[in-house]
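Trainee: Input: one structure, supplied below.
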Amino acid sequence: MDIQRLIAFVVFSFSALLLWDAWQKHNAPKPPGPAQTAAGVPAAPSGMPAVPAPTPSTPLSGQGTPVATPGAPASAIVPATGEKVVVKTDLFEAELNTAGGDIRRVTLFKVFSALDRTKPLVLMEPDPKHYFVTQSGLLGEGLPTHKTMYAAESTAVSLPDGKDQVEVRLTAKDAAGAEVAKKFTFHRGSYEIVVSYEVKNAGQKPIVPYAYFQFLRDGNPPSQEAAQTSSFAGVATYTGPAVYTEESKFVKVDFKDIEKGKQSHVKKARDGWIGLVQHYFVSAWLPKGSAEREFFTNKVGDNLYTAGVIMPVGQVAPGAAATVAMPLYIGPQETDKLAKIAPGLELVVDYGWLYILAAPLFWVLKFIHGVVGNWGWAIILLTILIKLVFYPLNHKAGRSMAQMKVLGPKMEKLKQLYGDDRQKLNTAMMELYRTEKINPLGGCLPILVQIPVFIALYWVLLASIELRHAPWLGWIQDLSAPDPFYILPVIYAISMFVQTKLNPQPADPVQAKVMLAMPIVFSVFFLFFPSGLVLYWVVQNLLSIAQQWHINKSLAAEAAAKAKGKR
């Protein structure tokens with residue numbers, strides 16, 4: 001296999017991989033709508049008796065799985081029947097409901113819809129097409145669950161000016177033998193909400209309650225408002241639950257595995273968290289301390305799943321009280337902030353299988369952005385920096401290609417001499433390479449070494465929310481969206497055509513035509529790529545053209561001087 005064939009093989013293999021993944025995503029059958037049965041209370045921890053069902057319509061099996069009552073309808077998610085409690089902070093608005101004390105809607109003030117940049121993004125809502133809410137409750141005889149009715153002190157709460165936090169307190173109406181209050185604490189400048197239970201034992205016997213905190217979500221992809229993606233915008237990003245513990249680190253739990261009962265995550269631990277991940281955003285329950293917690297992921301209906309954690313409240317003696325608190329994060333995947341909130345939370349930023357390379361690349365990109373203040377220029381400067389780092393390899397590859405081009409006339413003579421005898425032609429070509437001291441693979445091997453870096457940078461530009469709605473200049477006002485006027489893809493096609501002309505032409509006429517067609521193929525492919533990615537490749541090509549032109553000119557001068565010296 002000569003150098004042209006190998007290069008074509010590498011390029012087309014990588015392209016085919018991206019196209020196949022995008023095609024699969026584009027043609028995958030749309031998942032069904034969310035289940036219409038209410039999700040049940042999670043099973044009690046081992047050693048504790050199962051909790052009786054709060055309503056006759058959703059009794060629990062021995063494993064705590066909701067079982068439909070005969071004759072009960074299996075078609076509409078039961079709507080919340082309580083009062084809305086709207087809470088506004090400086091970063092978001094949260095809508096609670098006194099039916100269960102659920103968080104049923106979260107609207108981010110400083111993150112906007114991908115379809116309308118003037119509209120705040122609704123990240124969590126009970127939309128039948130994208131159903132996503134939080135639920136929590138207590139496990140124990142007669143204690144309130146996420147189906148219990150609460151009473152609210154106020155239905156409209158705002159973070160006061162000059163205050164760092166505000167609290168919302170809900171009181172359970174029907175807690176038998178206990179006085180239970182559910183409290184939400186919101187903080188200024190933070191996407192964290194602390195959900196806590198205050199339990200006072202009003203009975204005559206000790207109680208040992210457990211608290212559960214869960215997300216209820218369908219298995220549909222995120223809405224286009226959260227992450228606008230074209231059918232061929234590239235590889236699909238992960239959507240689904242994730243569990244982190246020190247024992248097993250970061251583990252994704254695919255909805256399909258939950259459906260089959262093949263979850264591989266840790267069930268019990270004394271550290272860690274559980275969350276739901278989607279492109280650009282994450283929602284996570286973040287237990288504090290070293291108390292043993294139990295993580296669970298369950299399918300509770302057709303295309304409807306829960307993911308959560310159970311925490312012990314501790315034994316509460318008659319007349320005594322106990323409190324359990326659970327931090328909840330609902331917001332963007334801002335890497336530097338996530339790392340400070342909980343260990344391993346920054347891993348939700350999906351950099352693919354080359355995380356070990358992608359994470360440092362993003363750190364460098366972010367550092368450059370801190371200096372220049374524009375993500376577009378930061379991408380350009382990072383591309384230049386990568387080019388400088390790989391300059392020795394690129395220079396070696398460029399010289400090899402230029403030498404191959406200088407040998408062009410001699411190669412043509414060999415073709416004329418041996419005609420269709422491929423074996424003798426290849427033997428003569430290898431002898432020519434040895435005589436001229438040229439490695440036919442010298443131009444390809446350095447490129448192979450750099451491919452992992454290119455793929456890692458691809459994931460950085462694809463997964464980083466910092467580039468979402470980030471402008472560069474002129475017509476590029478969103479580096480995470482395709483070029484609206486296709487100017488960058490056209491420049492890319494031109495630059496790739498020039499680069500192809502600078503390199504040696506393949507001996508095979510068919511290969512030569514394929515190499516000339518590649519600029520058109522790739523330009524069409526890049527029409528649907530985020531403009532930040534296309535910008536990287538345009539700069540990469542322009543730098544490669546300049547480098548190859550200089551090498552070709554230098555080698556031509558060396559060849560001319562050598563020929564002159566022999567006369």
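Here, A, B, ... name the chains of the structure tokens in the order displayed, residue numbers run from 1 inside each chain, and ligands are numbered from 1 in the same displayed order.
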Against range 450-461 of chain A, which residues of range 474-538 of chain A fall within 8 Å? For each one I want the closest pair of atoms and the distance in Å (one decimal), counting only C-alpha atoms, rows by chain and increasing residue number, as a Markdown table.

Mentor:
| residue | atom | partner | partner_atom | distance |
| --- | --- | --- | --- | --- |
| A:Ser480 | CA | A:Leu461 | CA | 7.7 |
| A:Gly532 | CA | A:Leu461 | CA | 6.7 |
| A:Leu533 | CA | A:Leu461 | CA | 6.4 |

Trainee: Please, which residues of range 408-505 of chain A, numbered as in this document, come out alpha helix (DSSP H) from DSSP, as an MDAnalysis selection string?

Mentor: chainID A and resid 408:418 422:436 445:463 487:502

Trainee: Those residues you just picked out, can you put them in a file as a short mmCIF file (atom, residue, chain, number, x, y, z; two decimals), in the first residue's frame with C-alpha atoms?

Mentor:
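The result, stored in result.cif:
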data_model
loop_
_atom_site.label_atom_id
_atom_site.label_comp_id
_atom_site.auth_asym_id
_atom_site.auth_seq_id
_atom_site.Cartn_x
_atom_site.Cartn_y
_atom_site.Cartn_z
CA GLY A 408 7.20 12.28 -10.01
CA PRO A 409 9.00 12.30 -13.41
CA LYS A 410 11.05 9.21 -12.51
CA MET A 411 7.92 7.42 -11.35
CA GLU A 412 6.25 8.17 -14.68
CA LYS A 413 9.21 6.66 -16.55
CA LEU A 414 8.91 3.48 -14.47
CA LYS A 415 5.19 3.22 -15.32
CA GLN A 416 5.96 3.56 -19.01
CA LEU A 417 8.75 1.01 -18.75
CA TYR A 418 6.82 -1.73 -16.94
CA ARG A 422 2.33 -4.32 -11.21
CA GLN A 423 4.81 -6.63 -9.50
CA LYS A 424 7.83 -5.40 -11.45
CA LEU A 425 6.61 -1.80 -11.11
CA ASN A 426 6.34 -2.07 -7.31
CA THR A 427 9.80 -3.69 -7.12
CA ALA A 428 11.31 -0.91 -9.22
CA MET A 429 9.56 1.75 -7.11
CA MET A 430 10.91 0.28 -3.87
CA GLU A 431 14.40 0.23 -5.39
CA LEU A 432 13.96 3.89 -6.35
CA TYR A 433 12.90 4.73 -2.78
CA ARG A 434 16.04 3.02 -1.44
CA THR A 435 18.28 4.79 -3.92
CA GLU A 436 16.80 8.21 -3.13
CA LEU A 445 3.02 7.88 10.07
CA PRO A 446 3.37 11.36 11.64
CA ILE A 447 -0.24 12.04 10.64
CA LEU A 448 -1.39 8.83 12.36
CA VAL A 449 0.30 9.96 15.59
CA GLN A 450 -1.69 13.21 15.55
CA ILE A 451 -5.12 11.69 14.88
CA PRO A 452 -5.93 11.06 18.60
CA VAL A 453 -5.25 14.74 19.32
CA PHE A 454 -7.53 15.83 16.48
CA ILE A 455 -10.33 13.55 17.71
CA ALA A 456 -9.89 14.79 21.31
CA LEU A 457 -10.12 18.41 20.17
CA TYR A 458 -13.22 17.51 18.16
CA TRP A 459 -14.90 16.32 21.36
CA VAL A 460 -13.75 19.39 23.28
CA LEU A 461 -15.37 21.71 20.77
CA LEU A 462 -18.49 19.54 20.60
CA ALA A 463 -19.08 19.05 24.33
CA ILE A 487 -18.60 30.48 4.23
CA LEU A 488 -16.24 28.42 6.40
CA PRO A 489 -17.08 25.11 4.65
CA VAL A 490 -16.41 26.75 1.28
CA ILE A 491 -13.05 28.12 2.50
CA TYR A 492 -12.29 24.68 3.85
CA ALA A 493 -13.03 23.06 0.46
CA ILE A 494 -10.77 25.54 -1.35
CA SER A 495 -7.96 25.08 1.16
CA MET A 496 -8.22 21.29 0.95
CA PHE A 497 -8.11 21.44 -2.86
CA VAL A 498 -4.95 23.56 -2.73
CA GLN A 499 -3.44 21.19 -0.19
CA THR A 500 -4.20 18.21 -2.43
CA LYS A 501 -2.45 19.92 -5.34
CA LEU A 502 0.65 20.56 -3.21
#

Trainee: To one decimal in Å, tell me the separation between CA of Phe255 in chain A and CA of Pro287 in chain A.

Mentor: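 Between these atoms lies a distance of 22.9 Å.
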
Trainee: Within range 249-380 of chain A, find each residue whose DSSP state, derived from the backbone, is strand (DSSP E), and express the selection as an MDAnalysis selection string.

Mentor: chainID A and resid 249:252 268:269 273:278 281:285 293:301 304:312 321:332

Trainee: So that I have them on file, write out the residues from the current selection with N, CA and C atoms, as a CSV table (one decimal), in the first residue's frame.

Mentor:
chain,number,residue,atom,x,y,z
A,249,LYS,N,-15.6,4.8,40.1
A,249,LYS,CA,-15.5,6.1,39.4
A,249,LYS,C,-16.8,6.4,38.6
A,250,PHE,N,-16.6,6.9,37.5
A,250,PHE,CA,-17.8,7.4,36.7
A,250,PHE,C,-18.4,6.3,35.8
A,251,VAL,N,-19.6,6.0,36.0
A,251,VAL,CA,-20.3,4.9,35.3
A,251,VAL,C,-21.6,5.4,34.7
A,252,LYS,N,-21.7,5.3,33.3
A,252,LYS,CA,-22.9,5.6,32.7
A,252,LYS,C,-23.9,4.5,32.7
A,268,LYS,N,-24.5,0.2,46.6
A,268,LYS,CA,-24.3,0.8,47.9
A,268,LYS,C,-22.9,1.3,48.1
A,269,ALA,N,-22.8,2.5,48.7
A,269,ALA,CA,-21.5,3.1,48.9
A,269,ALA,C,-21.6,4.1,50.1
A,273,TRP,N,-22.3,10.1,44.1
A,273,TRP,CA,-23.5,10.8,43.7
A,273,TRP,C,-24.2,10.1,42.5
A,274,ILE,N,-25.4,10.5,42.2
A,274,ILE,CA,-26.1,10.0,41.0
A,274,ILE,C,-26.8,11.2,40.3
A,275,GLY,N,-26.8,11.1,39.0
A,275,GLY,CA,-27.3,12.2,38.2
A,275,GLY,C,-27.9,11.8,36.9
A,276,LEU,N,-28.5,12.7,36.2
A,276,LEU,CA,-28.9,12.5,34.8
A,276,LEU,C,-28.2,13.5,33.9
A,277,VAL,N,-27.5,13.0,32.9
A,277,VAL,CA,-26.6,13.7,32.0
A,277,VAL,C,-27.3,13.9,30.7
A,278,GLN,N,-27.1,15.1,30.1
A,278,GLN,CA,-27.5,15.3,28.7
A,278,GLN,C,-26.5,16.3,28.1
A,281,PHE,N,-25.7,19.8,29.9
A,281,PHE,CA,-26.4,20.0,31.2
A,281,PHE,C,-26.3,18.8,32.0
A,282,VAL,N,-26.5,19.0,33.3
A,282,VAL,CA,-26.5,17.8,34.3
A,282,VAL,C,-27.4,18.2,35.4
A,283,SER,N,-28.1,17.2,35.9
A,283,SER,CA,-28.9,17.3,37.2
A,283,SER,C,-28.4,16.1,38.1
A,284,ALA,N,-28.1,16.4,39.3
A,284,ALA,CA,-27.5,15.4,40.2
A,284,ALA,C,-27.8,15.6,41.6
A,285,TRP,N,-28.1,14.4,42.3
A,285,TRP,CA,-28.2,14.4,43.7
A,285,TRP,C,-26.9,14.2,44.3
A,293,ARG,N,-25.2,5.1,51.5
A,293,ARG,CA,-26.3,5.5,50.6
A,293,ARG,C,-26.5,4.4,49.6
A,294,GLU,N,-27.8,4.3,49.1
A,294,GLU,CA,-28.1,3.2,48.1
A,294,GLU,C,-28.6,3.9,46.9
A,295,PHE,N,-27.9,3.6,45.8
A,295,PHE,CA,-28.2,4.2,44.5
A,295,PHE,C,-29.1,3.2,43.7
A,296,PHE,N,-30.1,3.8,43.0
A,296,PHE,CA,-31.0,2.9,42.3
A,296,PHE,C,-31.4,3.5,40.9
A,297,THR,N,-31.6,2.7,39.9
A,297,THR,CA,-32.1,3.1,38.6
A,297,THR,C,-33.1,2.1,38.2
A,298,ASN,N,-34.3,2.5,37.9
A,298,ASN,CA,-35.4,1.6,37.6
A,298,ASN,C,-36.3,2.1,36.4
A,299,LYS,N,-36.8,1.1,35.7
A,299,LYS,CA,-37.8,1.4,34.7
A,299,LYS,C,-39.2,1.3,35.4
A,300,VAL,N,-40.0,2.4,35.3
A,300,VAL,CA,-41.3,2.4,36.1
A,300,VAL,C,-42.5,2.5,35.1
A,301,GLY,N,-42.2,2.4,33.8
A,301,GLY,CA,-43.3,2.5,32.9
A,301,GLY,C,-42.7,2.5,31.5
A,304,LEU,N,-40.2,5.4,30.7
A,304,LEU,CA,-40.1,6.2,31.9
A,304,LEU,C,-39.3,5.6,32.9
A,305,TYR,N,-38.3,6.3,33.5
A,305,TYR,CA,-37.3,5.8,34.3
A,305,TYR,C,-37.1,6.7,35.6
A,306,THR,N,-36.6,6.1,36.6
A,306,THR,CA,-36.2,6.8,37.8
A,306,THR,C,-34.7,6.5,38.1
A,307,ALA,N,-34.0,7.5,38.6
A,307,ALA,CA,-32.6,7.3,39.1
A,307,ALA,C,-32.5,8.2,40.3
A,308,GLY,N,-32.1,7.5,41.4
A,308,GLY,CA,-32.0,8.3,42.7
A,308,GLY,C,-31.1,7.6,43.7
A,309,VAL,N,-31.3,8.1,44.9
A,309,VAL,CA,-30.5,7.7,46.1
A,309,VAL,C,-31.4,7.6,47.3
A,310,ILE,N,-31.1,6.6,48.2
A,310,ILE,CA,-31.8,6.5,49.4
A,310,ILE,C,-30.8,6.8,50.6
A,311,MET,N,-31.1,7.6,51.5
A,311,MET,CA,-30.3,8.0,52.6
A,311,MET,C,-30.9,7.7,53.9
A,312,PRO,N,-30.2,7.2,55.0
A,312,PRO,CA,-30.8,7.0,56.3
A,312,PRO,C,-31.0,8.3,57.0
A,321,ALA,N,-36.3,14.8,67.2
A,321,ALA,CA,-36.4,15.2,65.8
A,321,ALA,C,-35.1,14.9,65.1
A,322,ALA,N,-35.2,14.8,63.8
A,322,ALA,CA,-34.0,14.5,63.0
A,322,ALA,C,-34.1,15.2,61.7
A,323,THR,N,-33.0,15.5,61.0
A,323,THR,CA,-32.9,16.2,59.8
A,323,THR,C,-32.0,15.4,58.8
A,324,VAL,N,-32.4,15.4,57.5
A,324,VAL,CA,-31.6,14.8,56.5
A,324,VAL,C,-31.6,15.9,55.3
A,325,ALA,N,-30.5,16.2,54.8
A,325,ALA,CA,-30.4,17.2,53.7
A,325,ALA,C,-29.7,16.6,52.5
A,326,MET,N,-30.1,17.0,51.3
A,326,MET,CA,-29.6,16.5,50.1
A,326,MET,C,-29.4,17.6,49.1
A,327,PRO,N,-28.1,18.0,48.8
A,327,PRO,CA,-27.9,19.0,47.7
A,327,PRO,C,-28.3,18.5,46.4
A,328,LEU,N,-28.8,19.4,45.6
A,328,LEU,CA,-29.3,19.0,44.2
A,328,LEU,C,-28.7,20.1,43.3
A,329,TYR,N,-28.0,19.6,42.2
A,329,TYR,CA,-27.5,20.5,41.2
A,329,TYR,C,-28.4,20.4,39.9
A,330,ILE,N,-28.9,21.5,39.4
A,330,ILE,CA,-29.6,21.4,38.1
A,330,ILE,C,-29.0,22.6,37.3
A,331,GLY,N,-28.2,22.3,36.3
A,331,GLY,CA,-27.6,23.5,35.5
A,331,GLY,C,-26.7,23.0,34.5
A,332,PRO,N,-25.9,24.0,34.0
A,332,PRO,CA,-25.0,23.8,32.9
A,332,PRO,C,-23.7,23.0,33.3

Trainee: Just how far from CA of Asn374 in chain A is CA of Arg188 in chain A, in Å to one decimal?

Mentor: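 Value for the CA of Arg188 in chain A-CA of Asn374 in chain A distance: 27.0 Å.
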
Trainee: Check the smallest atom-to-atom distance from each of A:Met518, A:Leu216, A:Val524, A:Leu385 to Asp127 in chain A using only C-alpha atoms, then report the winner.

Mentor: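 When distances to Asp127 in chain A are compared using only C-alpha atoms, the smallest one comes from A:Leu216.
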
Trainee: Please compute the CA of Phe526 in chain A-CA of Ala546 in chain A distance, one decimal, in Å.

Mentor: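 CA of Phe526 in chain A sits 22.2 Å away from CA of Ala546 in chain A.
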
Trainee: Please provide the set of residues having any atom within 9 Å of Lys110 in chain A, restricted to only C-alpha atoms, with same-chain residues fewer than 2 positions apart removed, written as a list of chain:residue names.

Mentor: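 My reading of the contact set: A:Leu91, A:Phe92, A:Leu108, A:Phe112, A:Pro120, A:Leu121.
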
Trainee: Using N, CA and C atoms, can you export the residues from the last selection as an mmCIF file, in the first residue's frame?

Mentor:
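What landed in out.cif:
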data_model
loop_
_atom_site.group_PDB
_atom_site.id
_atom_site.type_symbol
_atom_site.label_atom_id
_atom_site.label_comp_id
_atom_site.auth_asym_id
_atom_site.auth_seq_id
_atom_site.Cartn_x
_atom_site.Cartn_y
_atom_site.Cartn_z
ATOM 1 N N LEU A 91 -30.259 33.282 39.192
ATOM 2 C CA LEU A 91 -29.854 32.445 38.074
ATOM 3 C C LEU A 91 -30.996 31.675 37.428
ATOM 4 N N PHE A 92 -32.044 31.374 38.171
ATOM 5 C CA PHE A 92 -33.094 30.536 37.607
ATOM 6 C C PHE A 92 -34.403 30.711 38.353
ATOM 7 N N LEU A 108 -33.715 28.479 33.274
ATOM 8 C CA LEU A 108 -32.420 29.130 33.489
ATOM 9 C C LEU A 108 -32.433 30.523 32.855
ATOM 10 N N PHE A 112 -29.785 30.240 27.254
ATOM 11 C CA PHE A 112 -30.927 30.505 26.379
ATOM 12 C C PHE A 112 -31.222 29.338 25.436
ATOM 13 N N PRO A 120 -35.220 32.360 27.682
ATOM 14 C CA PRO A 120 -34.530 31.546 28.697
ATOM 15 C C PRO A 120 -34.838 30.062 28.499
ATOM 16 N N LEU A 121 -33.852 29.226 28.780
ATOM 17 C CA LEU A 121 -33.997 27.790 28.545
ATOM 18 C C LEU A 121 -34.759 27.110 29.678
#
